[in-house]
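Colleague: If you scroll down you'll find the structure; I have some questions about it.
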There are 2 protein chains.
Amino acid sequence: MSGEPDIAVPARALGDPARGRIVTALLGGRSIPAGDLARAAGVSASTASEHLRVLLAAGLVAVDHRGRHRFFRLASSEVAGAIEALQEIAPRTEIRSLRQHHVSEELRSARTCYDHLAGDLGLRMADLLVSSGVVSELKIGESSSAPEPFPAGQLVHALRIRPTQGRRPWARGCLDWTGRRAHVAGQVGAQIFSAMDAQGWVARRADSRAVRLTGRGAALLSELEQVTNELV
Amino acid sequence: MSGEPDIAVPARALGDPARGRIVTALLGGRSIPAGDLARAAGVSASTASEHLRVLLAAGLVAVDHRGRHRFFRLASSEVAGAIEALQEIAPRTEIRSLRQHHVSEELRSARTCYDHLAGDLGLRMADLLVSSGVVSELKIGESSSAPEPFPAGQLVHALRIRPTQGRRPWARGCLDWTGRRAHVAGQVGAQIFSAMDAQGWVARRADSRAVRLTGRGAALLSELEQVTNELV
DNA sequence: GAATAGCTTCGTCTCTCGCCGAAATGTGAC
DNA sequence: GTCACATTTCGGCGAGAGACGAAGCTATTC
């Protein structure tokens with residue numbers, strides 16, 4: 001027998017600046033070893049270890065042991081969702097240095113958002129998905145099922161997009177702090193990002209959520225945009 | 001120029017048990033005076049005052065002065081969204097007393113969830129909305145736009161449901177801790193609850209999020225269910 | 001089998017948070 | 001004007017959180 005959820009438990013775990021930086025780093029979607037997270041959070045290894053213990057106890061992160069490293073990742077997409085929801089109501093950090101400004105610019109142009117693309121590149125992919133009929137126009141927070149019949153086309157073929165079963169929405173409009181328009185999260189978002197990553201369209205920065213469009217990726221993307229727009 | 005959002009600020013504000021109980025009470029959607037919130041949170045008036053100061057400073061609640069009372073409410077639907085997202089990943093509070101058990105049962109049967117209905121009654125309304133074609137079947141977290149053409153019918157007429165413009169999704173599947181199915185949030189959810197409240201189908205408890213179906217409401221609802229199912 | 005690297009545990013310090021009761025403030029009622 | 005009530009401010013207490021460095025554990029490396 002259980003009553004209402006006690007939001008203070010996850011909120012307290014997220015409510016420390018260093019832990020906030022840790023989970024924000026993990027929002028990039030990949031597994032990160034403890035030492036890197038310590039550096040990202042700007043605290044000593046022992047302090048980070050304590051923070052990670054807290055996050056584990058609250059069930060917000062999971063850990064994989066690989067050799068002498070411990071790789072941490074967000075425990076679920078629900079956790080990522082809660083962090084995104086908090087970002088919507090959180091104040092922005094102030095930019096103090098040129099270095100910070102540079103990082104911010106990189107993130108603005110393209111970055112990962114848990115398991116999909118965000119930033120300008122995310123918006124560009126969203127346009128492409130809409131004009132090729134893979135997803136319908138989405139407002140922020142709205143989501144939709146896969147269209148039937150499912151459209152075939154160069155985009156669908158190149159990135160091997162396919163409708164799937166499961167709890168997770170097919171497409172979801174996800175706003176984050178970069179812009180006022182929605183980029184595409186949900187199953188499609190995850191599928192296109194993982195395909196673009198696997199096929200070398202994009203390269204991920206080792207130490208941040210930033211993503212760079214490769215020369216090959218830029219060329220293929222432009223071609224795709226041209227083909228799709230000619231059809232319309 | 002600003003960088004990434006600092007989630008530690010809202011998370012810290014929500015990360016205290018007493019403040020968690022306060023915002024959960026406010027998730028009921030109505031404005032509540034400081035003294036009542038102190039009672040709901042189980043702390044003294046002076047302690048509650050301090051907590052409310054923190055929540056105000058973090059921008060999570062807003063306040064209206066009415067005479068010698070100060071009525072608090074959640075600052076926005078984004079705040080409500082963040083609280084719901086945290087509820088999804090939060091552990092359940094344990095039930096210790098018979099009194100708590102009773103309250104829990106009441107909430108389970110029908111309650112408000114910010115500005116719409118949840119609990120068993122919420123699920124019942126969700127079924128009705130789906131079978132009358134006002135919203136499509138929704139998974140949790142999914143949302144949809146108003147159907148076109150917009151269906152007419154006894155339900156639509158009785159509760160004066162109408163499609164509207166605006167950022168907010170028309171319908172959104174909202175899971176909370178009661179069940180595994182989704183109830184209907186979004187504009188439709190808000191519209192049907194406010195109509196049912198205004199027309200006396202439901203009565204709201206003064207001191208909690210619980211809602212009671214009135215005799216009149218029960219009768220009209222049964223009739224509506226019968227009519228809708230005959231059509232199908 | 002040392003030596004090294006990654007991480008955690010331990011000991012300790014400091015500082016802030018959350019709590020209350022008492023007093024102060026402000027508003028409405030008579 | 002005075003009384004009653006709602007709320008905030010103040011003072012003080014106790015507990016716990018977060019920080020670090022040093023030491024310990026374990027797995028890879030040579």
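Identifiers for the structure tokens are assigned positionally: chains receive A, B, ... in sequence, residues are indexed from 1 per chain, and ligands are indexed from 1 in the order shown.
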When you get a sec, could you note down which chain C residues fall within 10 Å of chain A, using only C-alpha atoms (C1' of nucleotides), as a list in words?

Modeller: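 That gives DA5, DG6, DC7, DT8 and DT9 of chain C for chain C.
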
Colleague: Could the residues in this selection be saved with all heavy atoms as a tab-separated table (two decimals), in the first residue's frame?

Modeller:
chain	number	residue	atom	x	y	z
C	5	DA	P	50.04	6.52	-13.44
C	5	DA	OP1	50.61	7.29	-14.56
C	5	DA	OP2	50.09	7.05	-12.06
C	5	DA	O5'	48.53	6.19	-13.77
C	5	DA	C5'	48.20	5.07	-14.59
C	5	DA	C4'	46.72	4.75	-14.41
C	5	DA	O4'	46.56	3.82	-13.32
C	5	DA	C3'	45.87	5.98	-14.08
C	5	DA	O3'	44.67	5.89	-14.84
C	5	DA	C2'	45.61	5.86	-12.59
C	5	DA	C1'	45.61	4.33	-12.39
C	5	DA	N9	46.05	3.91	-11.06
C	5	DA	C8	47.04	4.45	-10.29
C	5	DA	N7	47.22	3.85	-9.14
C	5	DA	C5	46.27	2.84	-9.16
C	5	DA	C6	45.93	1.83	-8.23
C	5	DA	N6	46.55	1.68	-7.06
C	5	DA	N1	44.94	0.98	-8.57
C	5	DA	C2	44.34	1.14	-9.75
C	5	DA	N3	44.56	2.03	-10.71
C	5	DA	C4	45.55	2.86	-10.33
C	6	DG	P	43.59	7.05	-14.79
C	6	DG	OP1	43.12	7.25	-16.16
C	6	DG	OP2	44.14	8.16	-13.98
C	6	DG	O5'	42.40	6.38	-13.95
C	6	DG	C5'	41.68	5.31	-14.53
C	6	DG	C4'	40.63	4.86	-13.54
C	6	DG	O4'	41.30	4.35	-12.36
C	6	DG	C3'	39.73	6.00	-13.05
C	6	DG	O3'	38.38	5.56	-13.16
C	6	DG	C2'	40.14	6.21	-11.60
C	6	DG	C1'	40.69	4.86	-11.20
C	6	DG	N9	41.71	4.90	-10.16
C	6	DG	C8	42.78	5.76	-10.08
C	6	DG	N7	43.54	5.54	-9.03
C	6	DG	C5	42.93	4.48	-8.38
C	6	DG	C6	43.29	3.80	-7.18
C	6	DG	O6	44.24	4.02	-6.45
C	6	DG	N1	42.39	2.77	-6.88
C	6	DG	C2	41.29	2.43	-7.64
C	6	DG	N2	40.55	1.43	-7.21
C	6	DG	N3	40.95	3.07	-8.77
C	6	DG	C4	41.80	4.07	-9.06
C	7	DC	P	37.19	6.56	-12.86
C	7	DC	OP1	36.05	6.13	-13.71
C	7	DC	OP2	37.69	7.94	-12.92
C	7	DC	O5'	36.86	6.19	-11.36
C	7	DC	C5'	36.50	4.83	-11.06
C	7	DC	C4'	36.48	4.61	-9.58
C	7	DC	O4'	37.81	4.73	-9.05
C	7	DC	C3'	35.63	5.60	-8.77
C	7	DC	O3'	34.44	4.92	-8.36
C	7	DC	C2'	36.52	5.98	-7.58
C	7	DC	C1'	37.69	5.02	-7.68
C	7	DC	N1	38.98	5.59	-7.22
C	7	DC	C2	39.59	5.05	-6.10
C	7	DC	O2	39.06	4.12	-5.50
C	7	DC	N3	40.78	5.57	-5.68
C	7	DC	C4	41.33	6.58	-6.34
C	7	DC	N4	42.51	7.06	-5.89
C	7	DC	C5	40.71	7.15	-7.49
C	7	DC	C6	39.55	6.63	-7.90
C	8	DT	P	33.43	5.59	-7.36
C	8	DT	OP1	32.11	4.97	-7.63
C	8	DT	OP2	33.60	7.04	-7.43
C	8	DT	O5'	33.93	5.07	-5.95
C	8	DT	C5'	34.07	3.67	-5.75
C	8	DT	C4'	34.52	3.40	-4.33
C	8	DT	O4'	35.85	3.94	-4.12
C	8	DT	C3'	33.64	3.99	-3.25
C	8	DT	O3'	33.44	2.98	-2.26
C	8	DT	C2'	34.44	5.17	-2.72
C	8	DT	C1'	35.87	4.70	-2.93
C	8	DT	N1	36.88	5.78	-3.13
C	8	DT	C2	37.98	5.81	-2.31
C	8	DT	O2	38.16	5.01	-1.40
C	8	DT	N3	38.88	6.82	-2.60
C	8	DT	C4	38.77	7.76	-3.61
C	8	DT	O4	39.64	8.60	-3.76
C	8	DT	C5	37.59	7.67	-4.42
C	8	DT	C7	37.38	8.64	-5.53
C	8	DT	C6	36.71	6.69	-4.15
C	9	DT	P	32.43	3.26	-1.04
C	9	DT	OP1	31.66	2.03	-0.86
C	9	DT	OP2	31.75	4.55	-1.27
C	9	DT	O5'	33.40	3.43	0.23
C	9	DT	C5'	34.44	2.49	0.44
C	9	DT	C4'	35.27	2.93	1.64
C	9	DT	O4'	36.21	3.96	1.24
C	9	DT	C3'	34.46	3.53	2.80
C	9	DT	O3'	34.98	2.98	4.01
C	9	DT	C2'	34.73	5.02	2.70
C	9	DT	C1'	36.14	5.05	2.12
C	9	DT	N1	36.50	6.25	1.34
C	9	DT	C2	37.70	6.85	1.56
C	9	DT	O2	38.50	6.45	2.38
C	9	DT	N3	37.95	7.95	0.75
C	9	DT	C4	37.12	8.49	-0.21
C	9	DT	O4	37.45	9.46	-0.85
C	9	DT	C5	35.86	7.80	-0.38
C	9	DT	C7	34.89	8.30	-1.39
C	9	DT	C6	35.61	6.74	0.38

Colleague: With DSSP run on the backbone, what are the helix (DSSP H, G or I) residues within region 9-206 of chain B? I'd like them as a VMD selection string.

Modeller: chain B and resid 9 to 14 17 to 26 34 to 41 45 to 57 77 to 88 98 to 109 119 to 131 154 to 158 186 to 198

Colleague: Tell me the residues of chain D close to chain B, meaning within 12 Å using only C-alpha atoms (C1' of nucleotides), as a list in words.

Modeller: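 Interface list for chain D against chain B: DA4, DC5, DA6, DT7, DT8, DT9 and DC10 of chain D.
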
Colleague: Within 8 Å of chain B, which residues of chain A show up? Give each one with its shortest atom-to-atom distance in Å (one decimal) and the two atoms involved, counting only C-alpha atoms, rows by chain then rising residue number, as JSON lines.

Modeller:
{"residue": "A:Met1", "atom": "CA", "partner": "B:Ile95", "partner_atom": "CA", "distance": 6.5}
{"residue": "A:Ser2", "atom": "CA", "partner": "B:Glu94", "partner_atom": "CA", "distance": 5.1}
{"residue": "A:Gly3", "atom": "CA", "partner": "B:Thr93", "partner_atom": "CA", "distance": 5.2}
{"residue": "A:Glu4", "atom": "CA", "partner": "B:Arg92", "partner_atom": "CA", "distance": 5.6}
{"residue": "A:Pro5", "atom": "CA", "partner": "B:Arg92", "partner_atom": "CA", "distance": 4.1}
{"residue": "A:Asp6", "atom": "CA", "partner": "B:Ala90", "partner_atom": "CA", "distance": 5.7}
{"residue": "A:Ile7", "atom": "CA", "partner": "B:Ala90", "partner_atom": "CA", "distance": 5.4}
{"residue": "A:Ala8", "atom": "CA", "partner": "B:Gly15", "partner_atom": "CA", "distance": 4.3}
{"residue": "A:Val9", "atom": "CA", "partner": "B:Ala90", "partner_atom": "CA", "distance": 6.4}
{"residue": "A:Pro10", "atom": "CA", "partner": "B:Ala90", "partner_atom": "CA", "distance": 5.9}
{"residue": "A:Ala11", "atom": "CA", "partner": "B:Gly15", "partner_atom": "CA", "distance": 4.4}
{"residue": "A:Arg12", "atom": "CA", "partner": "B:Gly15", "partner_atom": "CA", "distance": 3.8}
{"residue": "A:Ala13", "atom": "CA", "partner": "B:Gly15", "partner_atom": "CA", "distance": 7.5}
{"residue": "A:Leu14", "atom": "CA", "partner": "B:Ala11", "partner_atom": "CA", "distance": 5.7}
{"residue": "A:Gly15", "atom": "CA", "partner": "B:Arg12", "partner_atom": "CA", "distance": 3.8}
{"residue": "A:Asp16", "atom": "CA", "partner": "B:Ala8", "partner_atom": "CA", "distance": 5.3}
{"residue": "A:Pro17", "atom": "CA", "partner": "B:Ala8", "partner_atom": "CA", "distance": 5.3}
{"residue": "A:Arg19", "atom": "CA", "partner": "B:Ala8", "partner_atom": "CA", "distance": 7.8}
{"residue": "A:Gly20", "atom": "CA", "partner": "B:Ala8", "partner_atom": "CA", "distance": 5.3}
{"residue": "A:Arg21", "atom": "CA", "partner": "B:Asp6", "partner_atom": "CA", "distance": 8.0}
{"residue": "A:Leu60", "atom": "CA", "partner": "B:Ile89", "partner_atom": "CA", "distance": 8.0}
{"residue": "A:Glu78", "atom": "CA", "partner": "B:Ile89", "partner_atom": "CA", "distance": 6.7}
{"residue": "A:Val79", "atom": "CA", "partner": "B:Ile89", "partner_atom": "CA", "distance": 6.5}
{"residue": "A:Gly81", "atom": "CA", "partner": "B:Ala85", "partner_atom": "CA", "distance": 6.6}
{"residue": "A:Ala82", "atom": "CA", "partner": "B:Ala85", "partner_atom": "CA", "distance": 4.7}
{"residue": "A:Ile83", "atom": "CA", "partner": "B:Ile7", "partner_atom": "CA", "distance": 7.3}
{"residue": "A:Ala85", "atom": "CA", "partner": "B:Ala82", "partner_atom": "CA", "distance": 4.7}
{"residue": "A:Leu86", "atom": "CA", "partner": "B:Ala82", "partner_atom": "CA", "distance": 5.6}
{"residue": "A:Gln87", "atom": "CA", "partner": "B:Pro5", "partner_atom": "CA", "distance": 5.5}
{"residue": "A:Glu88", "atom": "CA", "partner": "B:Glu78", "partner_atom": "CA", "distance": 7.0}
{"residue": "A:Ile89", "atom": "CA", "partner": "B:Val79", "partner_atom": "CA", "distance": 6.5}
{"residue": "A:Ala90", "atom": "CA", "partner": "B:Ile7", "partner_atom": "CA", "distance": 5.4}
{"residue": "A:Pro91", "atom": "CA", "partner": "B:Pro5", "partner_atom": "CA", "distance": 5.5}
{"residue": "A:Arg92", "atom": "CA", "partner": "B:Pro5", "partner_atom": "CA", "distance": 4.1}
{"residue": "A:Thr93", "atom": "CA", "partner": "B:Gly3", "partner_atom": "CA", "distance": 5.2}
{"residue": "A:Glu94", "atom": "CA", "partner": "B:Ser2", "partner_atom": "CA", "distance": 5.1}
{"residue": "A:Ile95", "atom": "CA", "partner": "B:Ser2", "partner_atom": "CA", "distance": 5.6}
{"residue": "A:His101", "atom": "CA", "partner": "B:Gly3", "partner_atom": "CA", "distance": 8.0}
{"residue": "A:Ser104", "atom": "CA", "partner": "B:Gly3", "partner_atom": "CA", "distance": 6.0}
{"residue": "A:Lys139", "atom": "CA", "partner": "B:Arg167", "partner_atom": "CA", "distance": 6.8}
{"residue": "A:Ile140", "atom": "CA", "partner": "B:Arg167", "partner_atom": "CA", "distance": 7.4}
{"residue": "A:Gly141", "atom": "CA", "partner": "B:Pro169", "partner_atom": "CA", "distance": 7.1}
{"residue": "A:Glu142", "atom": "CA", "partner": "B:Ser143", "partner_atom": "CA", "distance": 4.7}
{"residue": "A:Ser143", "atom": "CA", "partner": "B:Ser143", "partner_atom": "CA", "distance": 4.6}
{"residue": "A:Ser144", "atom": "CA", "partner": "B:Glu142", "partner_atom": "CA", "distance": 6.2}
{"residue": "A:Arg167", "atom": "CA", "partner": "B:Lys139", "partner_atom": "CA", "distance": 6.8}
{"residue": "A:Arg168", "atom": "CA", "partner": "B:Ile140", "partner_atom": "CA", "distance": 7.9}
{"residue": "A:Pro169", "atom": "CA", "partner": "B:Glu142", "partner_atom": "CA", "distance": 5.8}
{"residue": "A:Arg172", "atom": "CA", "partner": "B:Glu142", "partner_atom": "CA", "distance": 7.4}
{"residue": "A:Trp177", "atom": "CA", "partner": "B:Glu4", "partner_atom": "CA", "distance": 7.2}

Colleague: For region 128-133 of chain A, please output as an mmCIF file with all heavy atoms, in the first residue's frame all residues within 7 Å (counting only C-alpha atoms (C1' of nucleotides); exclusion window: fewer than 3 positions along the same chain).

Modeller:
data_model
loop_
_atom_site.group_PDB
_atom_site.id
_atom_site.type_symbol
_atom_site.label_atom_id
_atom_site.label_comp_id
_atom_site.auth_asym_id
_atom_site.auth_seq_id
_atom_site.Cartn_x
_atom_site.Cartn_y
_atom_site.Cartn_z
ATOM 1 N N ARG A 124 17.052 21.664 -37.958
ATOM 2 C CA ARG A 124 17.174 21.367 -39.386
ATOM 3 C C ARG A 124 16.620 19.965 -39.668
ATOM 4 O O ARG A 124 15.882 19.753 -40.641
ATOM 5 C CB ARG A 124 18.658 21.429 -39.747
ATOM 6 C CG ARG A 124 18.928 21.773 -41.192
ATOM 7 C CD ARG A 124 20.389 22.112 -41.375
ATOM 8 N NE ARG A 124 20.828 21.741 -42.716
ATOM 9 C CZ ARG A 124 22.112 21.663 -43.082
ATOM 10 N NH1 ARG A 124 23.071 21.898 -42.200
ATOM 11 N NH2 ARG A 124 22.426 21.325 -44.318
ATOM 12 N N MET A 125 16.959 19.001 -38.814
ATOM 13 C CA MET A 125 16.440 17.646 -38.992
ATOM 14 C C MET A 125 14.926 17.618 -38.800
ATOM 15 O O MET A 125 14.217 16.886 -39.495
ATOM 16 C CB MET A 125 17.111 16.689 -38.001
ATOM 17 C CG MET A 125 18.600 16.480 -38.214
ATOM 18 S SD MET A 125 19.079 16.059 -39.897
ATOM 19 C CE MET A 125 18.259 14.483 -40.120
ATOM 20 N N SER A 136 4.415 14.573 -38.091
ATOM 21 C CA SER A 136 3.583 15.747 -38.343
ATOM 22 C C SER A 136 4.178 16.935 -37.599
ATOM 23 O O SER A 136 5.005 16.784 -36.715
ATOM 24 C CB SER A 136 2.161 15.477 -37.858
ATOM 25 O OG SER A 136 2.217 15.034 -36.520
ATOM 26 N N GLU A 137 3.759 18.117 -38.002
ATOM 27 C CA GLU A 137 4.214 19.345 -37.323
ATOM 28 C C GLU A 137 3.870 19.235 -35.842
ATOM 29 O O GLU A 137 2.767 18.883 -35.467
ATOM 30 C CB GLU A 137 3.486 20.547 -37.930
ATOM 31 C CG GLU A 137 4.075 21.882 -37.569
ATOM 32 C CD GLU A 137 4.996 22.377 -38.693
ATOM 33 O OE1 GLU A 137 4.617 22.246 -39.869
ATOM 34 O OE2 GLU A 137 6.071 22.867 -38.355
ATOM 35 N N PRO A 151 5.626 6.623 -44.856
ATOM 36 C CA PRO A 151 6.198 7.107 -46.118
ATOM 37 C C PRO A 151 7.552 6.469 -46.418
ATOM 38 O O PRO A 151 8.324 6.175 -45.504
ATOM 39 C CB PRO A 151 6.370 8.606 -45.860
ATOM 40 C CG PRO A 151 6.507 8.733 -44.381
ATOM 41 C CD PRO A 151 5.637 7.639 -43.814
ATOM 42 N N GLU A 225 18.106 17.483 -48.400
ATOM 43 C CA GLU A 225 17.205 18.635 -48.299
ATOM 44 C C GLU A 225 16.731 19.057 -49.673
ATOM 45 O O GLU A 225 15.559 19.384 -49.872
ATOM 46 C CB GLU A 225 17.919 19.795 -47.589
ATOM 47 C CG GLU A 225 17.992 19.598 -46.075
ATOM 48 C CD GLU A 225 18.817 20.666 -45.376
ATOM 49 O OE1 GLU A 225 19.695 21.267 -46.014
ATOM 50 O OE2 GLU A 225 18.578 20.887 -44.178
ATOM 51 N N THR A 228 14.242 16.405 -51.075
ATOM 52 C CA THR A 228 12.971 16.463 -50.377
ATOM 53 C C THR A 228 12.170 17.694 -50.787
ATOM 54 O O THR A 228 10.967 17.635 -50.986
ATOM 55 C CB THR A 228 13.193 16.481 -48.863
ATOM 56 O OG1 THR A 228 14.034 15.391 -48.523
ATOM 57 C CG2 THR A 228 11.878 16.354 -48.123
#

Colleague: Please run DSSP on the backbone and report, as a ChimeraX atom specification, all residues within region 24-145 of chain A that come out as strand (DSSP E).

Modeller: /A:32-33,61-66,69-74,92-94,111-113,116-118,143-144
